[in-house]
Amino acid sequence: MPTVIVGSALDVVEYCGVPRFLFTDFPLGNPCGPPWRQDLQRTIAGQALDLLREADGPGTTRRSNVLWPSDDDWRPRYGRVKPEDVERLRELGEERRRTQAQSRKPG
């Protein structure tokens, strides 16, 4: 079955070796654009279908020319941890690891 992946993690998806990949330079979890922006979502879906028709072979990656609609750049804020949150997030991560380790124990 012919397949096109639309995604925002260029290095990860290319590493997996997908047949056709439309890369959108958007925040993770939003590869087709922001919620409620059907105009952008249709454009990106159309680009994915074009890639399906036009790809020369497996491993084809195409970059979308659609830009994230914002007055400011999302990149500096994406994944940023405020200094005052570091310890709380560290504790949450340690608790999650303990819970996961406990769930792996037999019995």
# chains A, B, ... in the order shown; residues from 1 in each chain; ligands from 1

call {"tool": "residues_around", "arguments": {"residues": "segment 31-48 of chain A", "least_positions_apart": "2", "cutoff": "6 Å", "atoms": "only C-alpha atoms", "output": "count of residues only"}}
result
5

call {"tool": "select_by_dssp", "arguments": {"residues": "chain A", "states": "strand (DSSP E or B)", "output": "MDAnalysis selection string"}}
result
chainID A and resid 5:7 20:23 60:63

call {"tool": "closest_residue", "arguments": {"among": "A:Glu87, A:Asp25, A:Glu54, A:Glu94", "to": "Val66 of chain A", "atoms": "only C-alpha atoms"}}
result
A:Asp25

call {"tool": "atom_distance", "arguments": {"atom1": "atom CA of Val86 of chain A", "atom2": "atom CA of Asp73 of chain A"}}
result
23.4 Å

call {"tool": "atom_distance", "arguments": {"atom1": "atom CA of Cys16 of chain A", "atom2": "atom CA of Arg62 of chain A"}}
result
15.5 Å

call {"tool": "select_by_dssp", "arguments": {"residues": "chain A", "states": "alpha helix (DSSP H)", "output": "VMD selection string"}}
result
chain A and resid 10 to 16 38 to 54 86 to 104

call {"tool": "write_last_selection", "arguments": {"atoms": "N, CA and C atoms", "output": "CSV table (one decimal), in the first residue's frame"}}
result
chain,number,residue,atom,x,y,z
A,10,LEU,N,12.3,15.4,11.5
A,10,LEU,CA,13.0,15.1,10.2
A,10,LEU,C,14.0,14.0,10.5
A,11,ASP,N,14.9,14.1,11.4
A,11,ASP,CA,15.9,13.1,11.7
A,11,ASP,C,15.4,11.8,12.1
A,12,VAL,N,14.4,11.8,12.9
A,12,VAL,CA,13.8,10.5,13.4
A,12,VAL,C,13.1,9.8,12.3
A,13,VAL,N,12.3,10.5,11.6
A,13,VAL,CA,11.5,9.8,10.5
A,13,VAL,C,12.4,9.3,9.4
A,14,GLU,N,13.4,10.1,9.0
A,14,GLU,CA,14.3,9.6,8.0
A,14,GLU,C,15.1,8.4,8.4
A,15,TYR,N,15.5,8.4,9.7
A,15,TYR,CA,16.2,7.3,10.3
A,15,TYR,C,15.4,6.0,10.2
A,16,CYS,N,14.1,6.1,10.4
A,16,CYS,CA,13.2,4.9,10.3
A,16,CYS,C,13.1,4.4,8.9
A,38,GLN,N,-8.0,24.8,9.0
A,38,GLN,CA,-8.3,23.8,7.9
A,38,GLN,C,-7.7,24.2,6.6
A,39,ASP,N,-7.5,25.5,6.4
A,39,ASP,CA,-6.9,25.9,5.1
A,39,ASP,C,-5.4,25.4,5.0
A,40,LEU,N,-4.7,25.5,6.1
A,40,LEU,CA,-3.3,24.9,6.1
A,40,LEU,C,-3.3,23.4,6.1
A,41,GLN,N,-4.3,22.8,6.8
A,41,GLN,CA,-4.3,21.4,6.8
A,41,GLN,C,-4.6,20.8,5.4
A,42,ARG,N,-5.5,21.5,4.7
A,42,ARG,CA,-5.8,21.0,3.4
A,42,ARG,C,-4.6,21.2,2.4
A,43,THR,N,-3.9,22.3,2.6
A,43,THR,CA,-2.7,22.5,1.8
A,43,THR,C,-1.7,21.4,2.0
A,44,ILE,N,-1.4,21.1,3.3
A,44,ILE,CA,-0.5,20.1,3.6
A,44,ILE,C,-0.9,18.7,3.1
A,45,ALA,N,-2.2,18.4,3.3
A,45,ALA,CA,-2.7,17.1,2.8
A,45,ALA,C,-2.6,17.0,1.3
A,46,GLY,N,-2.8,18.1,0.6
A,46,GLY,CA,-2.6,18.2,-0.8
A,46,GLY,C,-1.1,17.9,-1.2
A,47,GLN,N,-0.2,18.5,-0.4
A,47,GLN,CA,1.2,18.3,-0.7
A,47,GLN,C,1.6,16.8,-0.5
A,48,ALA,N,1.0,16.2,0.5
A,48,ALA,CA,1.2,14.8,0.8
A,48,ALA,C,0.7,13.9,-0.4
A,49,LEU,N,-0.4,14.3,-0.9
A,49,LEU,CA,-0.9,13.5,-2.1
A,49,LEU,C,-0.1,13.8,-3.3
A,50,ASP,N,0.4,15.0,-3.5
A,50,ASP,CA,1.3,15.3,-4.6
A,50,ASP,C,2.6,14.4,-4.5
A,51,LEU,N,3.1,14.3,-3.3
A,51,LEU,CA,4.3,13.5,-3.1
A,51,LEU,C,4.0,12.1,-3.4
A,52,LEU,N,2.9,11.6,-3.0
A,52,LEU,CA,2.5,10.2,-3.3
A,52,LEU,C,2.5,9.9,-4.8
A,53,ARG,N,2.0,10.9,-5.6
A,53,ARG,CA,2.0,10.8,-7.1
A,53,ARG,C,3.4,10.9,-7.7
A,54,GLU,N,4.2,11.8,-7.1
A,54,GLU,CA,5.4,12.3,-7.8
A,54,GLU,C,6.7,11.7,-7.3
A,86,VAL,N,12.9,23.2,37.2
A,86,VAL,CA,13.8,22.1,37.0
A,86,VAL,C,13.7,21.0,38.1
A,87,GLU,N,13.7,21.4,39.3
A,87,GLU,CA,13.7,20.4,40.4
A,87,GLU,C,12.3,19.7,40.4
A,88,ARG,N,11.2,20.4,40.2
A,88,ARG,CA,9.9,19.7,40.2
A,88,ARG,C,9.9,18.7,39.1
A,89,LEU,N,10.3,19.0,37.9
A,89,LEU,CA,10.3,18.1,36.8
A,89,LEU,C,11.3,16.9,37.0
A,90,ARG,N,12.4,17.2,37.6
A,90,ARG,CA,13.3,16.1,37.9
A,90,ARG,C,12.6,15.1,38.9
A,91,GLU,N,12.0,15.6,39.9
A,91,GLU,CA,11.3,14.7,40.8
A,91,GLU,C,10.2,13.9,40.1
A,92,LEU,N,9.4,14.6,39.2
A,92,LEU,CA,8.4,13.9,38.5
A,92,LEU,C,9.0,12.7,37.6
A,93,GLY,N,10.1,13.0,37.0
A,93,GLY,CA,10.8,12.0,36.2
A,93,GLY,C,11.3,10.8,37.0
A,94,GLU,N,11.8,11.1,38.2
A,94,GLU,CA,12.3,10.0,39.1
A,94,GLU,C,11.1,9.2,39.6
A,95,GLU,N,10.0,9.8,39.9
A,95,GLU,CA,8.8,9.1,40.3
A,95,GLU,C,8.3,8.2,39.2
A,96,ARG,N,8.3,8.7,38.0
A,96,ARG,CA,7.9,7.9,36.8
A,96,ARG,C,8.8,6.7,36.6
A,97,ARG,N,10.1,6.9,36.8
A,97,ARG,CA,11.0,5.8,36.6
A,97,ARG,C,10.8,4.7,37.7
A,98,ARG,N,10.5,5.2,38.9
A,98,ARG,CA,10.3,4.2,40.0
A,98,ARG,C,9.0,3.4,39.7
A,99,THR,N,7.9,4.1,39.3
A,99,THR,CA,6.7,3.5,39.0
A,99,THR,C,6.8,2.5,37.9
A,100,GLN,N,7.6,2.8,36.8
A,100,GLN,CA,7.8,1.9,35.7
A,100,GLN,C,8.6,0.7,36.2
A,101,ALA,N,9.6,0.9,37.0
A,101,ALA,CA,10.4,-0.2,37.5
A,101,ALA,C,9.6,-1.1,38.3
A,102,GLN,N,8.8,-0.6,39.2
A,102,GLN,CA,7.9,-1.4,40.0
A,102,GLN,C,6.9,-2.2,39.2
A,103,SER,N,6.4,-1.6,38.1
A,103,SER,CA,5.4,-2.4,37.3
A,103,SER,C,6.1,-3.5,36.5
A,104,ARG,N,7.4,-3.5,36.4
A,104,ARG,CA,8.1,-4.6,35.7
A,104,ARG,C,8.4,-5.8,36.6

call {"tool": "atom_distance", "arguments": {"atom1": "atom CA of Arg20 of chain A", "atom2": "atom CA of Met1 of chain A"}}
result
11.9 Å

call {"tool": "residues_around", "arguments": {"residues": "Phe21 of chain A", "least_positions_apart": "6", "cutoff": "6 Å", "atoms": "only C-alpha atoms", "output": "tab-separated table (two decimals) with N, CA, C and O atoms, in the first residue's frame"}}
result
chain	number	residue	atom	x	y	z
A	4	VAL	N	2.50	7.79	2.63
A	4	VAL	CA	3.21	9.05	2.85
A	4	VAL	C	3.08	9.38	4.33
A	4	VAL	O	1.99	9.34	4.89
A	5	ILE	N	4.21	9.67	4.96
A	5	ILE	CA	4.22	10.11	6.35
A	5	ILE	C	4.35	11.63	6.36
A	5	ILE	O	5.19	12.18	5.67
A	6	VAL	N	3.49	12.29	7.13
A	6	VAL	CA	3.60	13.72	7.34
A	6	VAL	C	4.07	13.91	8.77
A	6	VAL	O	3.43	13.41	9.69
A	61	THR	N	12.07	12.30	0.57
A	61	THR	CA	11.67	13.31	1.54
A	61	THR	C	11.43	14.62	0.80
A	61	THR	O	12.25	15.02	-0.03
